[in-house]
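Asks: I'm passing along data08.txt; it holds compact mmCIF, N, CA, C and O atoms.
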# COMPACT_ATOMS: atom_id res chain seq x y z
N MET E 1 9.55 7.37 17.10
CA MET E 1 8.14 7.26 16.84
C MET E 1 7.71 5.80 16.90
O MET E 1 8.43 4.93 16.40
N PRO E 2 6.53 5.54 17.43
CA PRO E 2 6.05 4.16 17.46
C PRO E 2 5.72 3.67 16.05
O PRO E 2 5.16 4.40 15.26
N GLN E 3 6.06 2.43 15.79
CA GLN E 3 5.76 1.83 14.49
C GLN E 3 4.44 1.10 14.57
O GLN E 3 4.05 0.62 15.63
N ASP E 4 3.73 1.02 13.45
CA ASP E 4 2.46 0.33 13.37
C ASP E 4 2.68 -0.98 12.61
O ASP E 4 2.51 -1.05 11.40
N GLU E 5 3.07 -2.00 13.35
CA GLU E 5 3.41 -3.29 12.73
C GLU E 5 2.21 -3.96 12.06
O GLU E 5 2.37 -4.72 11.12
N ALA E 6 0.99 -3.67 12.51
CA ALA E 6 -0.22 -4.32 11.96
C ALA E 6 -0.43 -3.99 10.49
O ALA E 6 -1.04 -4.76 9.76
N VAL E 7 0.07 -2.86 10.03
CA VAL E 7 -0.18 -2.43 8.66
C VAL E 7 0.78 -3.08 7.65
O VAL E 7 0.47 -3.18 6.47
N ILE E 8 1.93 -3.57 8.12
CA ILE E 8 2.91 -4.19 7.23
C ILE E 8 2.33 -5.47 6.63
O ILE E 8 1.79 -6.32 7.32
N GLY E 9 2.39 -5.58 5.30
CA GLY E 9 1.86 -6.73 4.59
C GLY E 9 0.43 -6.54 4.10
O GLY E 9 -0.09 -7.39 3.39
N CYS E 10 -0.18 -5.42 4.46
CA CYS E 10 -1.54 -5.12 4.00
C CYS E 10 -1.50 -4.47 2.62
O CYS E 10 -0.50 -3.86 2.25
N THR E 11 -2.59 -4.60 1.88
CA THR E 11 -2.68 -3.97 0.57
C THR E 11 -3.62 -2.78 0.63
O THR E 11 -4.44 -2.67 1.55
N GLY E 12 -3.48 -1.91 -0.35
CA GLY E 12 -4.34 -0.73 -0.41
C GLY E 12 -4.32 -0.10 -1.79
O GLY E 12 -3.74 -0.66 -2.73
N LYS E 13 -4.94 1.06 -1.89
CA LYS E 13 -5.01 1.82 -3.15
C LYS E 13 -4.47 3.22 -2.93
O LYS E 13 -4.72 3.84 -1.89
N VAL E 14 -3.77 3.73 -3.95
CA VAL E 14 -3.25 5.09 -3.89
C VAL E 14 -4.40 6.08 -4.11
O VAL E 14 -5.11 6.00 -5.11
N LEU E 15 -4.57 7.01 -3.17
CA LEU E 15 -5.59 8.05 -3.27
C LEU E 15 -5.00 9.34 -3.84
O LEU E 15 -5.64 10.05 -4.60
N ILE E 16 -3.78 9.66 -3.42
CA ILE E 16 -3.03 10.81 -3.92
C ILE E 16 -1.68 10.27 -4.35
O ILE E 16 -0.96 9.67 -3.54
N GLY E 17 -1.33 10.43 -5.62
CA GLY E 17 -0.13 9.84 -6.18
C GLY E 17 1.14 10.17 -5.41
O GLY E 17 1.31 11.30 -4.95
N THR E 18 2.00 9.17 -5.26
CA THR E 18 3.30 9.40 -4.63
C THR E 18 4.24 9.99 -5.67
O THR E 18 4.03 9.87 -6.88
N ARG E 19 5.30 10.64 -5.19
CA ARG E 19 6.25 11.29 -6.10
C ARG E 19 7.66 10.73 -5.96
O ARG E 19 8.64 11.42 -6.20
N GLY E 20 7.77 9.49 -5.55
CA GLY E 20 9.08 8.89 -5.37
C GLY E 20 9.85 9.60 -4.27
O GLY E 20 9.29 9.92 -3.22
N SER E 21 11.11 9.91 -4.52
CA SER E 21 11.94 10.57 -3.51
C SER E 21 11.57 12.04 -3.32
O SER E 21 12.01 12.68 -2.37
N THR E 22 10.73 12.58 -4.21
CA THR E 22 10.33 13.99 -4.13
C THR E 22 9.29 14.23 -3.05
O THR E 22 9.19 15.33 -2.52
N GLY E 23 8.48 13.22 -2.72
CA GLY E 23 7.48 13.42 -1.68
C GLY E 23 6.46 12.30 -1.60
O GLY E 23 6.36 11.47 -2.49
N PRO E 24 5.70 12.31 -0.52
CA PRO E 24 4.72 11.24 -0.29
C PRO E 24 3.40 11.50 -0.99
O PRO E 24 3.13 12.59 -1.48
N GLY E 25 2.59 10.46 -0.99
CA GLY E 25 1.21 10.54 -1.43
C GLY E 25 0.35 10.03 -0.29
O GLY E 25 0.77 10.06 0.87
N GLU E 26 -0.82 9.54 -0.62
CA GLU E 26 -1.72 9.01 0.41
C GLU E 26 -2.33 7.71 -0.09
O GLU E 26 -2.68 7.60 -1.27
N VAL E 27 -2.45 6.73 0.81
CA VAL E 27 -3.05 5.45 0.46
C VAL E 27 -4.16 5.08 1.43
O VAL E 27 -4.13 5.48 2.59
N LEU E 28 -5.12 4.33 0.92
CA LEU E 28 -6.19 3.76 1.73
C LEU E 28 -5.87 2.28 1.87
O LEU E 28 -5.79 1.55 0.88
N VAL E 29 -5.65 1.84 3.13
CA VAL E 29 -5.19 0.48 3.40
C VAL E 29 -6.26 -0.28 4.18
O VAL E 29 -6.85 0.26 5.13
N ARG E 30 -6.50 -1.53 3.78
CA ARG E 30 -7.40 -2.41 4.53
C ARG E 30 -6.61 -3.00 5.69
O ARG E 30 -5.69 -3.79 5.48
N VAL E 31 -6.97 -2.60 6.91
CA VAL E 31 -6.26 -3.06 8.10
C VAL E 31 -7.20 -3.05 9.30
O VAL E 31 -8.13 -2.23 9.35
N ARG E 32 -6.99 -3.95 10.22
CA ARG E 32 -7.77 -4.03 11.46
C ARG E 32 -9.28 -4.12 11.23
O ARG E 32 -10.08 -3.50 11.93
N GLY E 33 -9.70 -4.84 10.18
CA GLY E 33 -11.12 -5.03 9.91
C GLY E 33 -11.81 -3.83 9.29
O GLY E 33 -13.03 -3.79 9.18
N GLY E 34 -11.05 -2.86 8.84
CA GLY E 34 -11.61 -1.67 8.21
C GLY E 34 -10.63 -1.08 7.23
O GLY E 34 -9.74 -1.78 6.73
N SER E 35 -10.76 0.20 6.96
CA SER E 35 -9.85 0.90 6.06
C SER E 35 -9.35 2.16 6.74
O SER E 35 -10.11 2.85 7.42
N GLU E 36 -8.06 2.44 6.57
CA GLU E 36 -7.44 3.62 7.16
C GLU E 36 -6.54 4.27 6.12
O GLU E 36 -6.00 3.60 5.25
N THR E 37 -6.38 5.59 6.22
CA THR E 37 -5.49 6.31 5.30
C THR E 37 -4.14 6.55 5.98
O THR E 37 -4.06 6.75 7.19
N PHE E 38 -3.09 6.51 5.15
CA PHE E 38 -1.73 6.73 5.61
C PHE E 38 -0.99 7.60 4.61
O PHE E 38 -1.26 7.53 3.40
N LEU E 39 -0.03 8.38 5.09
CA LEU E 39 0.91 9.05 4.23
C LEU E 39 1.80 7.96 3.65
O LEU E 39 2.24 7.08 4.39
N ALA E 40 2.04 7.96 2.35
CA ALA E 40 2.75 6.84 1.71
C ALA E 40 3.98 7.32 0.95
O ALA E 40 3.91 8.26 0.17
N TRP E 41 5.07 6.64 1.18
CA TRP E 41 6.34 6.90 0.50
C TRP E 41 6.66 5.71 -0.39
O TRP E 41 6.40 4.57 -0.04
N SER E 42 7.24 5.98 -1.57
CA SER E 42 7.64 4.92 -2.49
C SER E 42 8.94 5.33 -3.18
O SER E 42 9.25 6.52 -3.27
N ASP E 43 9.69 4.35 -3.68
CA ASP E 43 10.93 4.64 -4.40
C ASP E 43 10.67 5.31 -5.73
O ASP E 43 11.41 6.19 -6.15
N ALA E 44 9.62 4.88 -6.41
CA ALA E 44 9.25 5.45 -7.71
C ALA E 44 7.85 6.05 -7.60
O ALA E 44 7.05 5.61 -6.78
N PRO E 45 7.54 7.05 -8.40
CA PRO E 45 6.20 7.64 -8.37
C PRO E 45 5.13 6.59 -8.69
O PRO E 45 5.31 5.74 -9.55
N LEU E 46 4.01 6.67 -7.97
CA LEU E 46 2.88 5.77 -8.18
C LEU E 46 1.63 6.61 -8.41
O LEU E 46 1.30 7.47 -7.59
N PRO E 47 0.91 6.37 -9.51
CA PRO E 47 -0.28 7.18 -9.82
C PRO E 47 -1.50 6.77 -8.98
O PRO E 47 -1.55 5.67 -8.41
N VAL E 48 -2.48 7.64 -8.97
CA VAL E 48 -3.75 7.38 -8.30
C VAL E 48 -4.35 6.09 -8.83
O VAL E 48 -4.31 5.82 -10.03
N GLY E 49 -4.89 5.26 -7.93
CA GLY E 49 -5.54 4.02 -8.32
C GLY E 49 -4.64 2.80 -8.30
O GLY E 49 -5.12 1.68 -8.41
N THR E 50 -3.33 3.00 -8.15
CA THR E 50 -2.40 1.88 -8.12
C THR E 50 -2.63 1.03 -6.88
O THR E 50 -2.80 1.57 -5.78
N THR E 51 -2.65 -0.29 -7.03
CA THR E 51 -2.71 -1.18 -5.87
C THR E 51 -1.30 -1.29 -5.30
O THR E 51 -0.34 -1.47 -6.04
N VAL E 52 -1.20 -1.18 -3.97
CA VAL E 52 0.11 -1.19 -3.32
C VAL E 52 0.14 -2.19 -2.18
O VAL E 52 -0.90 -2.59 -1.65
N LEU E 53 1.35 -2.58 -1.80
CA LEU E 53 1.61 -3.43 -0.65
C LEU E 53 2.44 -2.61 0.32
O LEU E 53 3.44 -2.00 -0.07
N VAL E 54 2.04 -2.59 1.58
CA VAL E 54 2.80 -1.87 2.61
C VAL E 54 3.98 -2.73 3.02
O VAL E 54 3.80 -3.87 3.44
N ILE E 55 5.20 -2.18 2.87
CA ILE E 55 6.41 -2.94 3.19
C ILE E 55 7.10 -2.46 4.45
O ILE E 55 8.00 -3.13 4.95
N GLU E 56 6.71 -1.28 4.95
CA GLU E 56 7.31 -0.80 6.19
C GLU E 56 6.42 0.25 6.84
O GLU E 56 5.65 0.93 6.17
N SER E 57 6.55 0.36 8.15
CA SER E 57 5.90 1.43 8.90
C SER E 57 6.99 2.44 9.20
O SER E 57 8.05 2.10 9.69
N ARG E 58 6.72 3.71 8.90
CA ARG E 58 7.69 4.77 9.13
C ARG E 58 7.31 5.61 10.34
O ARG E 58 7.76 6.73 10.48
N GLY E 59 6.48 5.06 11.18
CA GLY E 59 6.03 5.78 12.37
C GLY E 59 4.55 6.03 12.31
O GLY E 59 3.82 5.38 11.57
N CYS E 60 4.12 6.99 13.06
CA CYS E 60 2.69 7.29 13.20
C CYS E 60 2.07 7.73 11.87
O CYS E 60 2.40 8.78 11.33
N ARG E 61 1.21 6.86 11.30
CA ARG E 61 0.42 7.17 10.10
C ARG E 61 1.26 7.36 8.83
O ARG E 61 0.80 7.96 7.88
N GLU E 62 2.49 6.84 8.78
CA GLU E 62 3.32 6.90 7.58
C GLU E 62 3.82 5.51 7.24
O GLU E 62 4.24 4.77 8.12
N VAL E 63 3.76 5.16 5.94
CA VAL E 63 4.18 3.83 5.50
C VAL E 63 5.03 3.92 4.24
O VAL E 63 4.98 4.89 3.50
N GLY E 64 5.81 2.88 4.01
CA GLY E 64 6.53 2.68 2.75
C GLY E 64 5.76 1.66 1.94
O GLY E 64 5.30 0.65 2.49
N VAL E 65 5.57 1.92 0.64
CA VAL E 65 4.78 1.02 -0.20
C VAL E 65 5.50 0.70 -1.51
O VAL E 65 6.40 1.42 -1.93
N ILE E 66 5.08 -0.41 -2.13
CA ILE E 66 5.51 -0.78 -3.47
C ILE E 66 4.27 -1.13 -4.27
O ILE E 66 3.23 -1.48 -3.70
N GLU E 67 4.38 -1.03 -5.59
CA GLU E 67 3.26 -1.45 -6.44
C GLU E 67 3.05 -2.95 -6.25
O GLU E 67 4.01 -3.72 -6.13
N TRP E 68 1.78 -3.37 -6.25
CA TRP E 68 1.45 -4.77 -5.98
C TRP E 68 0.48 -5.31 -7.02
O TRP E 68 -0.54 -4.71 -7.30
N VAL E 69 0.82 -6.47 -7.55
CA VAL E 69 -0.09 -7.22 -8.41
C VAL E 69 -0.30 -8.56 -7.72
O VAL E 69 0.67 -9.27 -7.44
N ASP E 70 -1.53 -8.88 -7.41
CA ASP E 70 -1.84 -10.14 -6.75
C ASP E 70 -1.36 -11.28 -7.65
O ASP E 70 -1.75 -11.36 -8.81
N PRO E 71 -0.51 -12.17 -7.12
CA PRO E 71 0.01 -13.27 -7.94
C PRO E 71 -1.09 -14.13 -8.55
O PRO E 71 -0.93 -14.65 -9.64
N LEU E 72 -2.20 -14.29 -7.86
CA LEU E 72 -3.30 -15.10 -8.41
C LEU E 72 -3.95 -14.40 -9.59
O LEU E 72 -4.37 -15.04 -10.55
N ASP E 73 -4.05 -13.07 -9.55
CA ASP E 73 -4.59 -12.33 -10.68
C ASP E 73 -3.63 -12.35 -11.86
O ASP E 73 -4.05 -12.37 -13.01
N ALA E 74 -2.33 -12.36 -11.58
CA ALA E 74 -1.32 -12.33 -12.62
C ALA E 74 -1.29 -13.62 -13.44
O ALA E 74 -0.82 -13.63 -14.58
N LEU E 75 -1.79 -14.72 -12.88
CA LEU E 75 -1.79 -15.99 -13.60
C LEU E 75 -2.75 -15.98 -14.77
O LEU E 75 -2.54 -16.67 -15.76
N GLY E 76 -3.83 -15.23 -14.64
CA GLY E 76 -4.82 -15.17 -15.70
C GLY E 76 -5.62 -16.46 -15.78
O GLY E 76 -5.36 -17.43 -15.09
N GLY E 77 -6.59 -16.48 -16.64
CA GLY E 77 -7.40 -17.69 -16.80
C GLY E 77 -8.33 -17.92 -15.64
O GLY E 77 -8.51 -17.07 -14.77
N ASP E 78 -8.91 -19.11 -15.58
CA ASP E 78 -9.85 -19.47 -14.54
C ASP E 78 -9.12 -20.00 -13.32
O ASP E 78 -8.13 -20.72 -13.45
N PRO E 79 -9.63 -19.70 -12.11
CA PRO E 79 -9.06 -20.29 -10.92
C PRO E 79 -9.19 -21.80 -10.95
O PRO E 79 -10.13 -22.33 -11.54
N ALA E 80 -8.27 -22.49 -10.31
CA ALA E 80 -8.30 -23.95 -10.30
C ALA E 80 -9.61 -24.44 -9.72
O ALA E 80 -10.07 -23.98 -8.68
N GLY E 81 -10.24 -25.37 -10.40
CA GLY E 81 -11.47 -25.99 -9.93
C GLY E 81 -12.73 -25.17 -10.22
O GLY E 81 -13.81 -25.58 -9.83
N ALA E 82 -12.60 -24.02 -10.85
CA ALA E 82 -13.79 -23.22 -11.13
C ALA E 82 -14.46 -23.73 -12.40
O ALA E 82 -13.80 -24.09 -13.37
N ASP E 83 -15.74 -23.75 -12.36
CA ASP E 83 -16.49 -24.21 -13.56
C ASP E 83 -17.26 -23.07 -14.15
O ASP E 83 -17.80 -22.25 -13.58
Can the structure in the file be given as structure tokens, please?
Replies:
Amino acid sequence: MPQDEAVIGCTGKVLIGTRGSTGPGEVLVRVRGGSETFLAWSDAPLPVGTTVLVIESRGCREVGVIEWVDPLDALGGDPAGAD
């Protein structure tokens, strides 16, 4: 199956929770100047609304994802130079 390299490294939101090794869910990913849905696989179950990072393309319209927290958001406080 052809892989979709453009989606790797993109972030998105879980629309239908993943079930880990039991089965996929669905994610909405910001890619190619818009948003597209993909079947999503993860090692651990991820609930609806979780922000994810696409780490692999598994072929046509299927991706591997992990939970993602933006490092800048994780720092907390005010952004540098913000008043």
Asks: Kindly provide, as a list in words, the polymer residues lying within 7 Å of (1.1, 4.6, -8.7), counting all atoms listed in the file and using the coordinates exactly as they appear in the file.
Replies: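 Residues lying no farther than 7 Å from the given point: Val14, Gly17, Thr18, Ala44, Pro45, Leu46, Pro47, Val48, Gly49, Thr50, Thr51 and Glu67 of chain E.
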Asks: Give the answer as one residue: which of E:Glu56, E:Glu36, E:Glu26, E:Asp43 has the shortest atom-to-atom distance to E:Glu5, using only C-alpha atoms?
Replies: E:Glu56
Asks: My list of candidates is E:Ile8, E:Trp68, E:Ala40, E:Arg61. Which is closest to E:Pro24 when distances are computed with only N, CA, C and O atoms?
Replies: E:Ala40
Asks: Record the distance separating atom C of E:Val31 and atom N of E:Pro71, expressed in Å with one decimal.
Replies: 19.9 Å
Asks: Give as a ChimeraX atom specification each residue that has an atom at most 12 Å from (-1.2, -5.2, 13.6) in the file, counting only C-alpha atoms.
Replies: /E:3-10,30-33,57
Asks: Next, the residues of the selection above should be written as a tab-separated table (two decimals), in the coordinates of the input with N, CA, C and O atoms.
Replies:
chain	number	residue	atom	x	y	z
E	3	GLN	N	6.06	2.43	15.79
E	3	GLN	CA	5.76	1.83	14.49
E	3	GLN	C	4.44	1.10	14.57
E	3	GLN	O	4.05	0.62	15.63
E	4	ASP	N	3.73	1.02	13.45
E	4	ASP	CA	2.46	0.33	13.37
E	4	ASP	C	2.68	-0.98	12.61
E	4	ASP	O	2.51	-1.05	11.40
E	5	GLU	N	3.07	-2.00	13.35
E	5	GLU	CA	3.41	-3.29	12.73
E	5	GLU	C	2.21	-3.96	12.06
E	5	GLU	O	2.37	-4.72	11.12
E	6	ALA	N	0.99	-3.67	12.51
E	6	ALA	CA	-0.22	-4.32	11.96
E	6	ALA	C	-0.43	-3.99	10.49
E	6	ALA	O	-1.04	-4.76	9.76
E	7	VAL	N	0.07	-2.86	10.03
E	7	VAL	CA	-0.18	-2.43	8.66
E	7	VAL	C	0.78	-3.08	7.65
E	7	VAL	O	0.47	-3.18	6.47
E	8	ILE	N	1.93	-3.57	8.12
E	8	ILE	CA	2.91	-4.19	7.23
E	8	ILE	C	2.33	-5.47	6.63
E	8	ILE	O	1.79	-6.32	7.32
E	9	GLY	N	2.39	-5.58	5.30
E	9	GLY	CA	1.86	-6.73	4.59
E	9	GLY	C	0.43	-6.54	4.10
E	9	GLY	O	-0.09	-7.39	3.39
E	10	CYS	N	-0.18	-5.42	4.46
E	10	CYS	CA	-1.54	-5.12	4.00
E	10	CYS	C	-1.50	-4.47	2.62
E	10	CYS	O	-0.50	-3.86	2.25
E	30	ARG	N	-6.50	-1.53	3.78
E	30	ARG	CA	-7.40	-2.41	4.53
E	30	ARG	C	-6.61	-3.00	5.69
E	30	ARG	O	-5.69	-3.79	5.48
E	31	VAL	N	-6.97	-2.60	6.91
E	31	VAL	CA	-6.26	-3.06	8.10
E	31	VAL	C	-7.20	-3.05	9.30
E	31	VAL	O	-8.13	-2.23	9.35
E	32	ARG	N	-6.99	-3.95	10.22
E	32	ARG	CA	-7.77	-4.03	11.46
E	32	ARG	C	-9.28	-4.12	11.23
E	32	ARG	O	-10.08	-3.50	11.93
E	33	GLY	N	-9.70	-4.84	10.18
E	33	GLY	CA	-11.12	-5.03	9.91
E	33	GLY	C	-11.81	-3.83	9.29
E	33	GLY	O	-13.03	-3.79	9.18
E	57	SER	N	6.55	0.36	8.15
E	57	SER	CA	5.90	1.43	8.90
E	57	SER	C	6.99	2.44	9.20
E	57	SER	O	8.05	2.10	9.69
Asks: So what do you get for atom O of E:Gly59 versus atom N of E:Thr37, distance-wise?
Replies: 11.5 Å
Asks: Write out as a PyMOL selection string all residues of chain E that DSSP puts in strand (DSSP E) for this structure's backbone.
Replies: chain E and resi 11-16+18-19+25-31+34-41+45-46+51-57+62-67
Asks: Once you have the residues from the selection above, write them out as a compact mmCIF listing (two decimals), in the coordinates of the input, restricted to N, CA, C and O atoms.
Replies:
# COMPACT_ATOMS: atom_id res chain seq x y z
N THR E 11 -2.59 -4.60 1.88
CA THR E 11 -2.68 -3.97 0.57
C THR E 11 -3.62 -2.78 0.63
O THR E 11 -4.44 -2.67 1.55
N GLY E 12 -3.48 -1.91 -0.35
CA GLY E 12 -4.34 -0.73 -0.41
C GLY E 12 -4.32 -0.10 -1.79
O GLY E 12 -3.74 -0.66 -2.73
N LYS E 13 -4.94 1.06 -1.89
CA LYS E 13 -5.01 1.82 -3.15
C LYS E 13 -4.47 3.22 -2.93
O LYS E 13 -4.72 3.84 -1.89
N VAL E 14 -3.77 3.73 -3.95
CA VAL E 14 -3.25 5.09 -3.89
C VAL E 14 -4.40 6.08 -4.11
O VAL E 14 -5.11 6.00 -5.11
N LEU E 15 -4.57 7.01 -3.17
CA LEU E 15 -5.59 8.05 -3.27
C LEU E 15 -5.00 9.34 -3.84
O LEU E 15 -5.64 10.05 -4.60
N ILE E 16 -3.78 9.66 -3.42
CA ILE E 16 -3.03 10.81 -3.92
C ILE E 16 -1.68 10.27 -4.35
O ILE E 16 -0.96 9.67 -3.54
N THR E 18 2.00 9.17 -5.26
CA THR E 18 3.30 9.40 -4.63
C THR E 18 4.24 9.99 -5.67
O THR E 18 4.03 9.87 -6.88
N ARG E 19 5.30 10.64 -5.19
CA ARG E 19 6.25 11.29 -6.10
C ARG E 19 7.66 10.73 -5.96
O ARG E 19 8.64 11.42 -6.20
N GLY E 25 2.59 10.46 -0.99
CA GLY E 25 1.21 10.54 -1.43
C GLY E 25 0.35 10.03 -0.29
O GLY E 25 0.77 10.06 0.87
N GLU E 26 -0.82 9.54 -0.62
CA GLU E 26 -1.72 9.01 0.41
C GLU E 26 -2.33 7.71 -0.09
O GLU E 26 -2.68 7.60 -1.27
N VAL E 27 -2.45 6.73 0.81
CA VAL E 27 -3.05 5.45 0.46
C VAL E 27 -4.16 5.08 1.43
O VAL E 27 -4.13 5.48 2.59
N LEU E 28 -5.12 4.33 0.92
CA LEU E 28 -6.19 3.76 1.73
C LEU E 28 -5.87 2.28 1.87
O LEU E 28 -5.79 1.55 0.88
N VAL E 29 -5.65 1.84 3.13
CA VAL E 29 -5.19 0.48 3.40
C VAL E 29 -6.26 -0.28 4.18
O VAL E 29 -6.85 0.26 5.13
N ARG E 30 -6.50 -1.53 3.78
CA ARG E 30 -7.40 -2.41 4.53
C ARG E 30 -6.61 -3.00 5.69
O ARG E 30 -5.69 -3.79 5.48
N VAL E 31 -6.97 -2.60 6.91
CA VAL E 31 -6.26 -3.06 8.10
C VAL E 31 -7.20 -3.05 9.30
O VAL E 31 -8.13 -2.23 9.35
N GLY E 34 -11.05 -2.86 8.84
CA GLY E 34 -11.61 -1.67 8.21
C GLY E 34 -10.63 -1.08 7.23
O GLY E 34 -9.74 -1.78 6.73
N SER E 35 -10.76 0.20 6.96
CA SER E 35 -9.85 0.90 6.06
C SER E 35 -9.35 2.16 6.74
O SER E 35 -10.11 2.85 7.42
N GLU E 36 -8.06 2.44 6.57
CA GLU E 36 -7.44 3.62 7.16
C GLU E 36 -6.54 4.27 6.12
O GLU E 36 -6.00 3.60 5.25
N THR E 37 -6.38 5.59 6.22
CA THR E 37 -5.49 6.31 5.30
C THR E 37 -4.14 6.55 5.98
O THR E 37 -4.06 6.75 7.19
N PHE E 38 -3.09 6.51 5.15
CA PHE E 38 -1.73 6.73 5.61
C PHE E 38 -0.99 7.60 4.61
O PHE E 38 -1.26 7.53 3.40
N LEU E 39 -0.03 8.38 5.09
CA LEU E 39 0.91 9.05 4.23
C LEU E 39 1.80 7.96 3.65
O LEU E 39 2.24 7.08 4.39
N ALA E 40 2.04 7.96 2.35
CA ALA E 40 2.75 6.84 1.71
C ALA E 40 3.98 7.32 0.95
O ALA E 40 3.91 8.26 0.17
N TRP E 41 5.07 6.64 1.18
CA TRP E 41 6.34 6.90 0.50
C TRP E 41 6.66 5.71 -0.39
O TRP E 41 6.40 4.57 -0.04
N PRO E 45 7.54 7.05 -8.40
CA PRO E 45 6.20 7.64 -8.37
C PRO E 45 5.13 6.59 -8.69
O PRO E 45 5.31 5.74 -9.55
N LEU E 46 4.01 6.67 -7.97
CA LEU E 46 2.88 5.77 -8.18
C LEU E 46 1.63 6.61 -8.41
O LEU E 46 1.30 7.47 -7.59
N THR E 51 -2.65 -0.29 -7.03
CA THR E 51 -2.71 -1.18 -5.87
C THR E 51 -1.30 -1.29 -5.30
O THR E 51 -0.34 -1.47 -6.04
N VAL E 52 -1.20 -1.18 -3.97
CA VAL E 52 0.11 -1.19 -3.32
C VAL E 52 0.14 -2.19 -2.18
O VAL E 52 -0.90 -2.59 -1.65
N LEU E 53 1.35 -2.58 -1.80
CA LEU E 53 1.61 -3.43 -0.65
C LEU E 53 2.44 -2.61 0.32
O LEU E 53 3.44 -2.00 -0.07
N VAL E 54 2.04 -2.59 1.58
CA VAL E 54 2.80 -1.87 2.61
C VAL E 54 3.98 -2.73 3.02
O VAL E 54 3.80 -3.87 3.44
N ILE E 55 5.20 -2.18 2.87
CA ILE E 55 6.41 -2.94 3.19
C ILE E 55 7.10 -2.46 4.45
O ILE E 55 8.00 -3.13 4.95
N GLU E 56 6.71 -1.28 4.95
CA GLU E 56 7.31 -0.80 6.19
C GLU E 56 6.42 0.25 6.84
O GLU E 56 5.65 0.93 6.17
N SER E 57 6.55 0.36 8.15
CA SER E 57 5.90 1.43 8.90
C SER E 57 6.99 2.44 9.20
O SER E 57 8.05 2.10 9.69
N GLU E 62 2.49 6.84 8.78
CA GLU E 62 3.32 6.90 7.58
C GLU E 62 3.82 5.51 7.24
O GLU E 62 4.24 4.77 8.12
N VAL E 63 3.76 5.16 5.94
CA VAL E 63 4.18 3.83 5.50
C VAL E 63 5.03 3.92 4.24
O VAL E 63 4.98 4.89 3.50
N GLY E 64 5.81 2.88 4.01
CA GLY E 64 6.53 2.68 2.75
C GLY E 64 5.76 1.66 1.94
O GLY E 64 5.30 0.65 2.49
N VAL E 65 5.57 1.92 0.64
CA VAL E 65 4.78 1.02 -0.20
C VAL E 65 5.50 0.70 -1.51
O VAL E 65 6.40 1.42 -1.93
N ILE E 66 5.08 -0.41 -2.13
CA ILE E 66 5.51 -0.78 -3.47
C ILE E 66 4.27 -1.13 -4.27
O ILE E 66 3.23 -1.48 -3.70
N GLU E 67 4.38 -1.03 -5.59
CA GLU E 67 3.26 -1.45 -6.44
C GLU E 67 3.05 -2.95 -6.25
O GLU E 67 4.01 -3.72 -6.13
